[in-house]
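Pasted below: upload17.csv, CSV, C-alpha atoms and all ligand atoms.
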```
chain,number,residue,atom,x,y,z
A,1,MET,CA,94.5,67.8,124.4
A,2,LEU,CA,95.1,64.1,123.9
A,3,GLU,CA,96.0,63.1,120.4
A,4,ILE,CA,95.8,59.4,119.5
A,5,LEU,CA,97.6,58.1,116.5
A,6,PRO,CA,97.9,54.6,115.0
A,7,LEU,CA,101.2,52.8,114.2
A,8,THR,CA,100.6,49.8,112.0
A,9,ALA,CA,102.4,46.7,113.0
A,10,LEU,CA,102.7,43.0,111.8
A,11,ARG,CA,99.9,42.2,109.4
A,12,ASP,CA,96.9,44.0,110.8
A,13,ASN,CA,97.8,45.2,114.3
A,14,TYR,CA,97.5,48.7,115.6
A,15,ILE,CA,99.9,50.1,118.2
A,16,TRP,CA,98.2,53.2,119.6
A,17,VAL,CA,100.2,56.3,120.5
A,18,LEU,CA,98.8,58.7,123.1
A,19,LYS,CA,100.3,62.2,122.9
A,20,ASP,CA,99.3,65.1,125.0
A,21,SER,CA,99.8,68.3,123.0
A,22,GLY,CA,102.6,70.3,124.8
A,23,SER,CA,104.4,67.2,126.0
A,24,ASN,CA,107.2,65.4,124.1
A,25,ARG,CA,106.5,62.1,125.9
A,26,VAL,CA,104.0,59.6,124.6
A,27,ALA,CA,102.4,56.5,125.9
A,28,ILE,CA,101.8,53.5,123.7
A,29,VAL,CA,99.3,50.6,123.8
A,30,ASP,CA,100.1,47.0,122.8
A,31,PRO,CA,103.5,47.1,121.0
A,32,GLY,CA,103.5,43.9,119.1
A,33,GLU,CA,106.6,45.1,117.4
A,34,ALA,CA,109.4,47.4,118.5
A,35,LYS,CA,110.5,48.8,115.1
A,36,PRO,CA,107.5,51.0,114.2
A,37,VAL,CA,107.6,52.5,117.8
A,38,LEU,CA,111.3,53.2,117.8
A,39,GLU,CA,111.2,54.7,114.3
A,40,TYR,CA,108.3,56.9,115.2
A,41,LEU,CA,109.9,58.2,118.4
A,42,GLN,CA,113.2,58.9,116.5
A,43,ALA,CA,111.5,60.6,113.6
A,44,LYS,CA,109.3,62.8,115.8
A,45,GLN,CA,112.0,63.4,118.5
A,46,LEU,CA,109.7,62.1,121.2
A,47,GLU,CA,110.3,60.1,124.3
A,48,LEU,CA,108.3,57.2,125.7
A,49,SER,CA,106.5,57.6,129.1
A,50,CYS,CA,104.9,54.2,129.6
A,51,ILE,CA,103.6,51.1,127.8
A,52,LEU,CA,100.0,49.9,128.3
A,53,VAL,CA,99.2,46.2,127.5
A,54,THR,CA,95.6,44.9,127.1
A,55,HIS,CA,96.5,41.1,127.1
A,56,HIS,CA,99.5,38.7,126.9
A,57,HIS,CA,99.2,37.7,123.2
A,58,TRP,CA,102.6,37.9,121.4
A,59,ASP,CA,101.2,40.2,118.7
A,60,HIS,CA,100.5,42.8,121.4
A,61,THR,CA,103.6,42.3,123.5
A,62,ASP,CA,106.6,41.1,121.4
A,63,GLY,CA,108.0,44.6,121.0
A,64,ILE,CA,108.3,45.3,124.7
A,65,PRO,CA,111.8,43.9,125.5
A,66,GLU,CA,113.5,45.8,122.7
A,67,ILE,CA,111.6,49.0,123.5
A,68,LEU,CA,112.6,48.7,127.2
A,69,GLN,CA,116.3,48.4,126.2
A,70,GLN,CA,115.9,51.9,124.7
A,71,SER,CA,113.7,53.5,127.3
A,72,ASN,CA,113.2,52.1,130.8
A,73,VAL,CA,109.6,52.9,131.3
A,74,PRO,CA,106.8,51.3,133.4
A,75,VAL,CA,104.7,48.6,131.7
A,76,TYR,CA,101.1,48.4,132.9
A,77,GLY,CA,99.3,45.2,132.1
A,78,PRO,CA,100.0,41.5,131.3
A,79,GLY,CA,103.2,41.8,129.2
A,80,PRO,CA,107.0,41.2,129.9
A,81,ASN,CA,108.0,43.3,132.9
A,82,GLY,CA,104.3,44.3,133.3
A,83,GLN,CA,102.8,45.5,136.5
A,84,GLN,CA,99.6,43.5,137.4
A,85,LEU,CA,96.5,45.7,137.3
A,86,ARG,CA,93.4,45.7,139.4
A,87,ASP,CA,89.9,46.2,138.1
A,88,ASN,CA,89.0,49.9,138.5
A,89,GLN,CA,92.6,50.9,139.1
A,90,GLN,CA,93.4,54.4,137.9
A,91,ILE,CA,96.5,55.0,135.9
A,92,THR,CA,97.8,58.5,135.5
A,93,LEU,CA,100.1,58.7,132.5
A,94,PRO,CA,103.5,60.0,133.5
A,95,ASP,CA,104.0,63.6,132.3
A,96,GLN,CA,100.6,63.8,130.8
A,97,LYS,CA,97.4,65.1,132.3
A,98,VAL,CA,95.5,62.1,131.2
A,99,SER,CA,94.3,59.3,133.4
A,100,LEU,CA,92.8,56.0,132.3
A,101,LYS,CA,90.9,53.4,134.3
A,102,VAL,CA,91.4,49.7,134.1
A,103,MET,CA,88.5,47.3,133.4
A,104,HIS,CA,89.0,43.6,133.6
A,105,ILE,CA,87.3,42.0,130.6
A,106,PRO,CA,88.1,38.3,130.4
A,107,GLY,CA,87.0,36.1,127.5
A,108,HIS,CA,89.5,36.5,124.6
A,109,THR,CA,92.1,35.8,127.3
A,110,LEU,CA,91.7,35.5,131.1
A,111,ASP,CA,94.0,38.4,131.8
A,112,HIS,CA,92.5,40.9,129.3
A,113,VAL,CA,91.9,44.5,130.4
A,114,ALA,CA,90.6,47.6,128.8
A,115,PHE,CA,91.9,51.1,129.4
A,116,TYR,CA,89.3,53.9,129.3
A,117,ASN,CA,88.1,57.3,130.5
A,118,ASP,CA,85.1,59.5,129.6
A,119,GLU,CA,86.3,59.9,126.0
A,120,VAL,CA,88.3,56.9,124.9
A,121,LEU,CA,88.4,53.1,125.2
A,122,PHE,CA,91.3,50.9,124.3
A,123,SER,CA,89.5,47.6,123.9
A,124,GLY,CA,92.4,45.3,122.7
A,125,ASP,CA,91.0,42.1,121.2
A,126,THR,CA,87.8,42.1,123.1
A,127,LEU,CA,85.6,44.6,121.3
A,128,PHE,CA,86.5,45.2,117.6
A,129,ALA,CA,84.8,47.5,115.2
A,130,ALA,CA,81.7,45.6,114.2
A,131,GLY,CA,82.9,42.5,115.9
A,132,CYS,CA,84.5,40.9,119.0
A,133,GLY,CA,87.6,38.8,119.6
A,134,ARG,CA,87.7,35.0,119.5
A,135,ILE,CA,87.3,33.2,122.8
A,136,PHE,CA,90.6,31.6,123.5
A,137,GLU,CA,90.9,31.3,127.3
A,138,GLY,CA,87.6,32.3,128.8
A,139,THR,CA,84.0,31.2,128.4
A,140,HIS,CA,81.2,32.6,126.2
A,141,ALA,CA,79.6,33.9,129.3
A,142,GLN,CA,82.7,35.8,130.3
A,143,MET,CA,83.0,37.4,126.9
A,144,TYR,CA,79.3,38.3,126.9
A,145,ASN,CA,79.6,39.9,130.3
A,146,SER,CA,82.8,41.8,129.3
A,147,LEU,CA,81.0,43.2,126.2
A,148,LYS,CA,78.1,44.2,128.5
A,149,LYS,CA,80.5,46.2,130.7
A,150,LEU,CA,82.0,48.0,127.7
A,151,LYS,CA,78.5,48.7,126.4
A,152,SER,CA,77.7,50.7,129.6
A,153,LEU,CA,80.3,53.4,128.8
A,154,PRO,CA,79.0,56.7,127.3
A,155,LYS,CA,77.8,56.3,123.8
A,156,ASN,CA,80.2,58.9,122.4
A,157,THR,CA,83.3,57.0,123.7
A,158,LYS,CA,85.8,56.5,120.9
A,159,VAL,CA,86.8,52.9,120.5
A,160,TYR,CA,90.4,52.0,119.7
A,161,CYS,CA,90.9,48.2,119.2
A,162,GLY,CA,93.9,46.0,118.4
A,163,HIS,CA,93.3,45.0,114.8
A,164,GLU,CA,92.0,46.2,111.5
A,165,TYR,CA,89.3,43.6,111.1
A,166,THR,CA,86.4,45.9,110.3
A,167,VAL,CA,85.7,44.9,106.7
A,168,ASN,CA,85.7,41.2,107.5
A,169,ASN,CA,83.5,41.8,110.6
A,170,LEU,CA,81.0,43.8,108.6
A,171,LYS,CA,80.9,41.2,105.8
A,172,PHE,CA,79.9,38.6,108.5
A,173,ALA,CA,77.4,41.0,110.0
A,174,HIS,CA,75.9,41.6,106.6
A,175,ARG,CA,75.5,37.9,106.0
A,176,VAL,CA,73.7,37.4,109.4
A,177,ALA,CA,71.6,40.6,109.0
A,178,PRO,CA,71.3,41.3,105.3
A,179,ASP,CA,68.5,44.0,105.7
A,180,ASN,CA,70.4,46.1,108.3
A,181,GLN,CA,71.1,49.3,106.4
A,182,ALA,CA,73.5,50.7,109.0
A,183,ILE,CA,75.7,47.6,108.4
A,184,ILE,CA,75.5,48.0,104.6
A,185,ASP,CA,76.4,51.8,104.9
A,186,ARG,CA,79.3,51.1,107.2
A,187,LEU,CA,80.7,48.3,105.0
A,188,VAL,CA,80.6,50.6,101.9
A,189,HIS,CA,82.3,53.4,103.9
A,190,THR,CA,84.9,51.2,105.5
A,191,GLU,CA,85.9,49.6,102.1
A,192,ILE,CA,86.6,53.1,100.8
A,193,LEU,CA,88.8,53.9,103.8
A,194,ILE,CA,90.8,50.7,103.5
A,195,LYS,CA,91.2,51.2,99.7
A,196,LYS,CA,92.7,54.6,100.6
A,197,LYS,CA,94.9,52.8,103.2
A,198,GLN,CA,93.3,54.7,106.0
A,199,PRO,CA,92.4,53.1,109.3
A,200,SER,CA,88.7,52.3,109.9
A,201,LEU,CA,89.3,53.4,113.6
A,202,PRO,CA,88.5,54.8,116.0
A,203,SER,CA,84.9,53.7,116.1
A,204,THR,CA,82.4,55.0,118.7
A,205,LEU,CA,80.2,53.0,121.0
A,206,GLN,CA,77.2,54.6,119.2
A,207,ALA,CA,78.4,53.2,115.9
A,208,GLU,CA,78.9,49.8,117.5
A,209,MET,CA,75.4,49.8,119.0
A,210,ALA,CA,74.1,50.3,115.4
A,211,THR,CA,76.3,47.7,113.6
A,212,ASN,CA,77.9,45.3,116.1
A,213,LEU,CA,75.7,42.2,116.4
A,214,PHE,CA,77.9,40.8,119.2
A,215,LEU,CA,77.4,43.9,121.3
A,216,THR,CA,73.6,43.9,120.8
A,217,ALA,CA,73.0,40.2,121.1
A,218,SER,CA,70.1,40.0,123.6
A,219,THR,CA,70.9,36.7,125.3
A,220,LEU,CA,74.0,34.7,126.0
A,221,GLU,CA,72.7,32.0,123.7
A,222,ALA,CA,72.3,34.4,120.8
A,223,PHE,CA,75.7,35.7,121.5
A,224,SER,CA,77.2,32.2,121.6
A,225,ASN,CA,75.6,31.1,118.4
A,226,LEU,CA,76.9,34.3,116.7
A,227,ARG,CA,80.4,33.8,118.0
A,228,ASP,CA,80.5,30.2,116.9
A,229,ALA,CA,79.2,31.1,113.4
A,230,LYS,CA,81.9,33.8,113.1
A,231,ASP,CA,84.6,31.2,114.1
A,232,ARG,CA,83.5,29.3,111.0
A,233,PHE,CA,83.1,32.3,108.7
B,301,ZN,ZN,94.8,38.6,121.2
```
Will you turn the file into structure tokens for me?
Amino acid sequence: MLEILPLTALRDNYIWVLKDSGSNRVAIVDPGEAKPVLEYLQAKQLELSCILVTHHHWDHTDGIPEILQQSNVPVYGPGPNGQQLRDNQQITLPDQKVSLKVMHIPGHTLDHVAFYNDEVLFSGDTLFAAGCGRIFEGTHAQMYNSLKKLKSLPKNTKVYCGHEYTVNNLKFAHRVAPDNQAIIDRLVHTEILIKKKQPSLPSTLQAEMATNLFLTASTLEAFSNLRDAKDRF
């Protein structure tokens, strides 16, 4: 069974650890910092099998060089020493029975990819819980299409994104759609989790379809207006 654990890094980043029960090797996603990863591996007596990278931003990749000095493992994705990935490419995690597929989802950056299978989605800074990433390199149309692709995955897919932005995203969603009870309920629930210093993740695509206005925007124009309003929020 695949266990997925968060390591907190920098101010509000998550480095996801993928551990197959029965194996002492783990994969990690988006190490923006080396220290939490190296400390975790040391404390749990685990070895690294590979590094997955969703996009080139420093807060998702800065830890890679120092981690590679300790363990010379493959890096999949647009980070230092990273192997370039193709859309639909299948990655089998070394020493684990798990494989993930690559989905190219430009918008936040042009090189952004997601890793997914029937159960999990690592969405980086493209799809957040109740929100989506800023459009730095791509166009609104690219981001809109990337979210559409993610939305087509099974509804019970668990969503693991790159940052703990959920409360802020829900506050924005509540301002835009003040009568949406699902958004109110999720905001209340998420604020309790954060107060207890627990992650608000993973989400599910089902929860996102109920509360993520970016994912449910019915036209590109509606999506673009929403994204621009969030940039000013
Ligand atoms: Zn980013």
Which protein, DNA or RNA residues have an atom within 12 Å of ligand ZN 301 (chain B), counting only C-alpha atoms and all ligand atoms, as a VMD selection string? chain A and resid 12 to 14 30 32 53 to 61 78 106 to 113 123 to 128 132 to 137 161 to 163
Restricting the output to C-alpha atoms, write the selected residues as a PDB file, keeping the file's coordinate frame.
```
ATOM      1  CA  ASP A  12      96.900  44.000 110.800  1.00  0.00           C
ATOM      2  CA  ASN A  13      97.800  45.200 114.300  1.00  0.00           C
ATOM      3  CA  TYR A  14      97.500  48.700 115.600  1.00  0.00           C
ATOM      4  CA  ASP A  30     100.100  47.000 122.800  1.00  0.00           C
ATOM      5  CA  GLY A  32     103.500  43.900 119.100  1.00  0.00           C
ATOM      6  CA  VAL A  53      99.200  46.200 127.500  1.00  0.00           C
ATOM      7  CA  THR A  54      95.600  44.900 127.100  1.00  0.00           C
ATOM      8  CA  HIS A  55      96.500  41.100 127.100  1.00  0.00           C
ATOM      9  CA  HIS A  56      99.500  38.700 126.900  1.00  0.00           C
ATOM     10  CA  HIS A  57      99.200  37.700 123.200  1.00  0.00           C
ATOM     11  CA  TRP A  58     102.600  37.900 121.400  1.00  0.00           C
ATOM     12  CA  ASP A  59     101.200  40.200 118.700  1.00  0.00           C
ATOM     13  CA  HIS A  60     100.500  42.800 121.400  1.00  0.00           C
ATOM     14  CA  THR A  61     103.600  42.300 123.500  1.00  0.00           C
ATOM     15  CA  PRO A  78     100.000  41.500 131.300  1.00  0.00           C
ATOM     16  CA  PRO A 106      88.100  38.300 130.400  1.00  0.00           C
ATOM     17  CA  GLY A 107      87.000  36.100 127.500  1.00  0.00           C
ATOM     18  CA  HIS A 108      89.500  36.500 124.600  1.00  0.00           C
ATOM     19  CA  THR A 109      92.100  35.800 127.300  1.00  0.00           C
ATOM     20  CA  LEU A 110      91.700  35.500 131.100  1.00  0.00           C
ATOM     21  CA  ASP A 111      94.000  38.400 131.800  1.00  0.00           C
ATOM     22  CA  HIS A 112      92.500  40.900 129.300  1.00  0.00           C
ATOM     23  CA  VAL A 113      91.900  44.500 130.400  1.00  0.00           C
ATOM     24  CA  SER A 123      89.500  47.600 123.900  1.00  0.00           C
ATOM     25  CA  GLY A 124      92.400  45.300 122.700  1.00  0.00           C
ATOM     26  CA  ASP A 125      91.000  42.100 121.200  1.00  0.00           C
ATOM     27  CA  THR A 126      87.800  42.100 123.100  1.00  0.00           C
ATOM     28  CA  LEU A 127      85.600  44.600 121.300  1.00  0.00           C
ATOM     29  CA  PHE A 128      86.500  45.200 117.600  1.00  0.00           C
ATOM     30  CA  CYS A 132      84.500  40.900 119.000  1.00  0.00           C
ATOM     31  CA  GLY A 133      87.600  38.800 119.600  1.00  0.00           C
ATOM     32  CA  ARG A 134      87.700  35.000 119.500  1.00  0.00           C
ATOM     33  CA  ILE A 135      87.300  33.200 122.800  1.00  0.00           C
ATOM     34  CA  PHE A 136      90.600  31.600 123.500  1.00  0.00           C
ATOM     35  CA  GLU A 137      90.900  31.300 127.300  1.00  0.00           C
ATOM     36  CA  CYS A 161      90.900  48.200 119.200  1.00  0.00           C
ATOM     37  CA  GLY A 162      93.900  46.000 118.400  1.00  0.00           C
ATOM     38  CA  HIS A 163      93.300  45.000 114.800  1.00  0.00           C
TER      39      HIS A 163
END
```
Counting all atoms listed in the file, which of A:Val102, A:Ile4, A:Leu46, A:Leu205 gets nearest to Ala130 of chain A?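 Looking only at the distances to Ala130 of chain A, the closest residue turns out to be A:Leu205.
Coordinates place atom CA of Gly77 of chain A at a distance of 26.2 Å from atom CA of Arg227 of chain A.
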Using all atoms listed in the file, the residue out of A:Pro80, A:Pro178, A:Pro6, A:Pro199 with shortest distance to Ile28 of chain A is A:Pro6
Extract, using all atoms listed in the file, all DNA, RNA and protein residues at most 10 Å from segment 48-50 of chain A, discarding same-chain residues fewer than 5 positions from it, and format them as a PyMOL selection string. chain A and resi 17-19+24-29+37-38+41+67-68+70-76+93-96
Correct to one decimal, the distance atom CA of Gly79 of chain A-atom CA of Phe122 of chain A is 15.8 Å
Of A:Thr166, A:Gln181, A:Asn145, A:Asn156, the one nearest to Leu215 of chain A when counting all atoms listed in the file is A:Asn145
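Shell of Asn180 of chain A at 12 Å, with all atoms listed in the file counted and residues fewer than 4 places along the chain excluded, is Leu170, Lys171, Ala173, His174, Arg175, Val176, Ile184, Asp185, Arg186, Leu187, Ala210, Thr211, Asn212 and Leu213 of chain A.
When atom CA of Ser203 of chain A is paired with atom CA of Val159 of chain A, their separation reads 4.9 Å.
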Write out as a ChimeraX atom specification which residues come within 9 Å of Lys97 of chain A when counting all atoms listed in the file, dropping same-chain ones fewer than 4 positions away. /A:1-2,20,92-93
Can you put N, CA and C atoms back into segment 30-66 of chain A and show it as a PDB file, in the frame of the given file?
```pdb
ATOM      1  N   ASP A  30      99.940  48.292 123.460  1.00  0.00           N
ATOM      2  CA  ASP A  30     100.100  47.000 122.800  1.00  0.00           C
ATOM      3  C   ASP A  30     101.156  46.983 121.670  1.00  0.00           C
ATOM      4  N   PRO A  31     102.437  47.193 122.043  1.00  0.00           N
ATOM      5  CA  PRO A  31     103.500  47.100 121.000  1.00  0.00           C
ATOM      6  C   PRO A  31     103.848  45.714 120.619  1.00  0.00           C
ATOM      7  N   GLY A  32     103.202  45.192 119.605  1.00  0.00           N
ATOM      8  CA  GLY A  32     103.500  43.900 119.100  1.00  0.00           C
ATOM      9  C   GLY A  32     104.834  43.801 118.387  1.00  0.00           C
ATOM     10  N   GLU A  33     105.346  44.964 118.044  1.00  0.00           N
ATOM     11  CA  GLU A  33     106.600  45.100 117.400  1.00  0.00           C
ATOM     12  C   GLU A  33     107.337  46.304 117.917  1.00  0.00           C
ATOM     13  N   ALA A  34     108.682  46.259 117.972  1.00  0.00           N
ATOM     14  CA  ALA A  34     109.400  47.400 118.500  1.00  0.00           C
ATOM     15  C   ALA A  34     109.711  48.434 117.358  1.00  0.00           C
ATOM     16  N   LYS A  35     109.981  47.920 116.151  1.00  0.00           N
ATOM     17  CA  LYS A  35     110.500  48.800 115.100  1.00  0.00           C
ATOM     18  C   LYS A  35     109.602  49.997 114.775  1.00  0.00           C
ATOM     19  N   PRO A  36     108.316  49.823 114.543  1.00  0.00           N
ATOM     20  CA  PRO A  36     107.500  51.000 114.200  1.00  0.00           C
ATOM     21  C   PRO A  36     107.507  52.035 115.355  1.00  0.00           C
ATOM     22  N   VAL A  37     107.591  51.567 116.600  1.00  0.00           N
ATOM     23  CA  VAL A  37     107.600  52.500 117.800  1.00  0.00           C
ATOM     24  C   VAL A  37     108.905  53.254 117.807  1.00  0.00           C
ATOM     25  N   LEU A  38     110.021  52.532 117.703  1.00  0.00           N
ATOM     26  CA  LEU A  38     111.300  53.200 117.800  1.00  0.00           C
ATOM     27  C   LEU A  38     111.540  54.152 116.646  1.00  0.00           C
ATOM     28  N   GLU A  39     111.102  53.761 115.460  1.00  0.00           N
ATOM     29  CA  GLU A  39     111.200  54.700 114.300  1.00  0.00           C
ATOM     30  C   GLU A  39     110.385  55.909 114.455  1.00  0.00           C
ATOM     31  N   TYR A  40     109.192  55.736 114.991  1.00  0.00           N
ATOM     32  CA  TYR A  40     108.300  56.900 115.200  1.00  0.00           C
ATOM     33  C   TYR A  40     108.883  57.853 116.221  1.00  0.00           C
ATOM     34  N   LEU A  41     109.364  57.307 117.346  1.00  0.00           N
ATOM     35  CA  LEU A  41     109.900  58.200 118.400  1.00  0.00           C
ATOM     36  C   LEU A  41     111.134  58.942 117.869  1.00  0.00           C
ATOM     37  N   GLN A  42     111.973  58.246 117.098  1.00  0.00           N
ATOM     38  CA  GLN A  42     113.200  58.900 116.500  1.00  0.00           C
ATOM     39  C   GLN A  42     112.778  59.974 115.533  1.00  0.00           C
ATOM     40  N   ALA A  43     111.859  59.651 114.633  1.00  0.00           N
ATOM     41  CA  ALA A  43     111.500  60.600 113.600  1.00  0.00           C
ATOM     42  C   ALA A  43     110.837  61.860 114.172  1.00  0.00           C
ATOM     43  N   LYS A  44     110.043  61.692 115.239  1.00  0.00           N
ATOM     44  CA  LYS A  44     109.300  62.800 115.800  1.00  0.00           C
ATOM     45  C   LYS A  44     110.049  63.450 116.998  1.00  0.00           C
ATOM     46  N   GLN A  45     111.217  62.872 117.331  1.00  0.00           N
ATOM     47  CA  GLN A  45     112.000  63.400 118.500  1.00  0.00           C
ATOM     48  C   GLN A  45     111.147  63.354 119.763  1.00  0.00           C
ATOM     49  N   LEU A  46     110.501  62.216 119.999  1.00  0.00           N
ATOM     50  CA  LEU A  46     109.700  62.100 121.200  1.00  0.00           C
ATOM     51  C   LEU A  46     110.264  61.008 122.109  1.00  0.00           C
ATOM     52  N   GLU A  47     109.858  61.083 123.375  1.00  0.00           N
ATOM     53  CA  GLU A  47     110.300  60.100 124.300  1.00  0.00           C
ATOM     54  C   GLU A  47     109.082  59.284 124.802  1.00  0.00           C
ATOM     55  N   LEU A  48     109.354  58.069 125.227  1.00  0.00           N
ATOM     56  CA  LEU A  48     108.300  57.200 125.700  1.00  0.00           C
ATOM     57  C   LEU A  48     108.068  57.469 127.203  1.00  0.00           C
ATOM     58  N   SER A  49     106.789  57.453 127.643  1.00  0.00           N
ATOM     59  CA  SER A  49     106.500  57.600 129.100  1.00  0.00           C
ATOM     60  C   SER A  49     106.097  56.304 129.727  1.00  0.00           C
ATOM     61  N   CYS A  50     105.332  55.499 129.016  1.00  0.00           N
ATOM     62  CA  CYS A  50     104.900  54.200 129.600  1.00  0.00           C
ATOM     63  C   CYS A  50     104.308  53.338 128.474  1.00  0.00           C
ATOM     64  N   ILE A  51     104.169  52.063 128.779  1.00  0.00           N
ATOM     65  CA  ILE A  51     103.600  51.100 127.800  1.00  0.00           C
ATOM     66  C   ILE A  51     102.325  50.508 128.523  1.00  0.00           C
ATOM     67  N   LEU A  52     101.215  50.521 127.810  1.00  0.00           N
ATOM     68  CA  LEU A  52     100.000  49.900 128.300  1.00  0.00           C
ATOM     69  C   LEU A  52      99.769  48.595 127.508  1.00  0.00           C
ATOM     70  N   VAL A  53      99.354  47.544 128.196  1.00  0.00           N
ATOM     71  CA  VAL A  53      99.200  46.200 127.500  1.00  0.00           C
ATOM     72  C   VAL A  53      97.787  45.698 127.879  1.00  0.00           C
ATOM     73  N   THR A  54      97.002  45.348 126.843  1.00  0.00           N
ATOM     74  CA  THR A  54      95.600  44.900 127.100  1.00  0.00           C
ATOM     75  C   THR A  54      95.599  43.363 127.421  1.00  0.00           C
ATOM     76  N   HIS A  55      96.510  42.567 126.819  1.00  0.00           N
ATOM     77  CA  HIS A  55      96.500  41.100 127.100  1.00  0.00           C
ATOM     78  C   HIS A  55      97.854  40.542 126.631  1.00  0.00           C
ATOM     79  N   HIS A  56      98.098  39.285 127.029  1.00  0.00           N
ATOM     80  CA  HIS A  56      99.500  38.700 126.900  1.00  0.00           C
ATOM     81  C   HIS A  56      99.828  38.246 125.517  1.00  0.00           C
ATOM     82  N   HIS A  57      98.917  38.231 124.545  1.00  0.00           N
ATOM     83  CA  HIS A  57      99.200  37.700 123.200  1.00  0.00           C
ATOM     84  C   HIS A  57     100.476  38.314 122.605  1.00  0.00           C
ATOM     85  N   TRP A  58     101.275  37.474 121.909  1.00  0.00           N
ATOM     86  CA  TRP A  58     102.600  37.900 121.400  1.00  0.00           C
ATOM     87  C   TRP A  58     102.422  39.115 120.429  1.00  0.00           C
ATOM     88  N   ASP A  59     101.330  39.159 119.669  1.00  0.00           N
ATOM     89  CA  ASP A  59     101.200  40.200 118.700  1.00  0.00           C
ATOM     90  C   ASP A  59     100.805  41.575 119.351  1.00  0.00           C
ATOM     91  N   HIS A  60     100.719  41.562 120.679  1.00  0.00           N
ATOM     92  CA  HIS A  60     100.500  42.800 121.400  1.00  0.00           C
ATOM     93  C   HIS A  60     101.649  43.126 122.375  1.00  0.00           C
ATOM     94  N   THR A  61     102.589  42.173 122.508  1.00  0.00           N
ATOM     95  CA  THR A  61     103.600  42.300 123.500  1.00  0.00           C
ATOM     96  C   THR A  61     105.067  42.100 123.043  1.00  0.00           C
ATOM     97  N   ASP A  62     105.243  41.513 121.852  1.00  0.00           N
ATOM     98  CA  ASP A  62     106.600  41.100 121.400  1.00  0.00           C
ATOM     99  C   ASP A  62     107.591  42.252 121.325  1.00  0.00           C
ATOM    100  N   GLY A  63     107.120  43.463 121.108  1.00  0.00           N
ATOM    101  CA  GLY A  63     108.000  44.600 121.000  1.00  0.00           C
ATOM    102  C   GLY A  63     108.584  45.103 122.302  1.00  0.00           C
ATOM    103  N   ILE A  64     107.986  44.673 123.411  1.00  0.00           N
ATOM    104  CA  ILE A  64     108.300  45.300 124.700  1.00  0.00           C
ATOM    105  C   ILE A  64     109.773  45.186 125.116  1.00  0.00           C
ATOM    106  N   PRO A  65     110.383  43.958 125.071  1.00  0.00           N
ATOM    107  CA  PRO A  65     111.800  43.900 125.500  1.00  0.00           C
ATOM    108  C   PRO A  65     112.719  44.824 124.800  1.00  0.00           C
ATOM    109  N   GLU A  66     112.594  44.892 123.474  1.00  0.00           N
ATOM    110  CA  GLU A  66     113.500  45.800 122.700  1.00  0.00           C
ATOM    111  C   GLU A  66     113.228  47.249 123.008  1.00  0.00           C
TER     112      GLU A  66
END
```
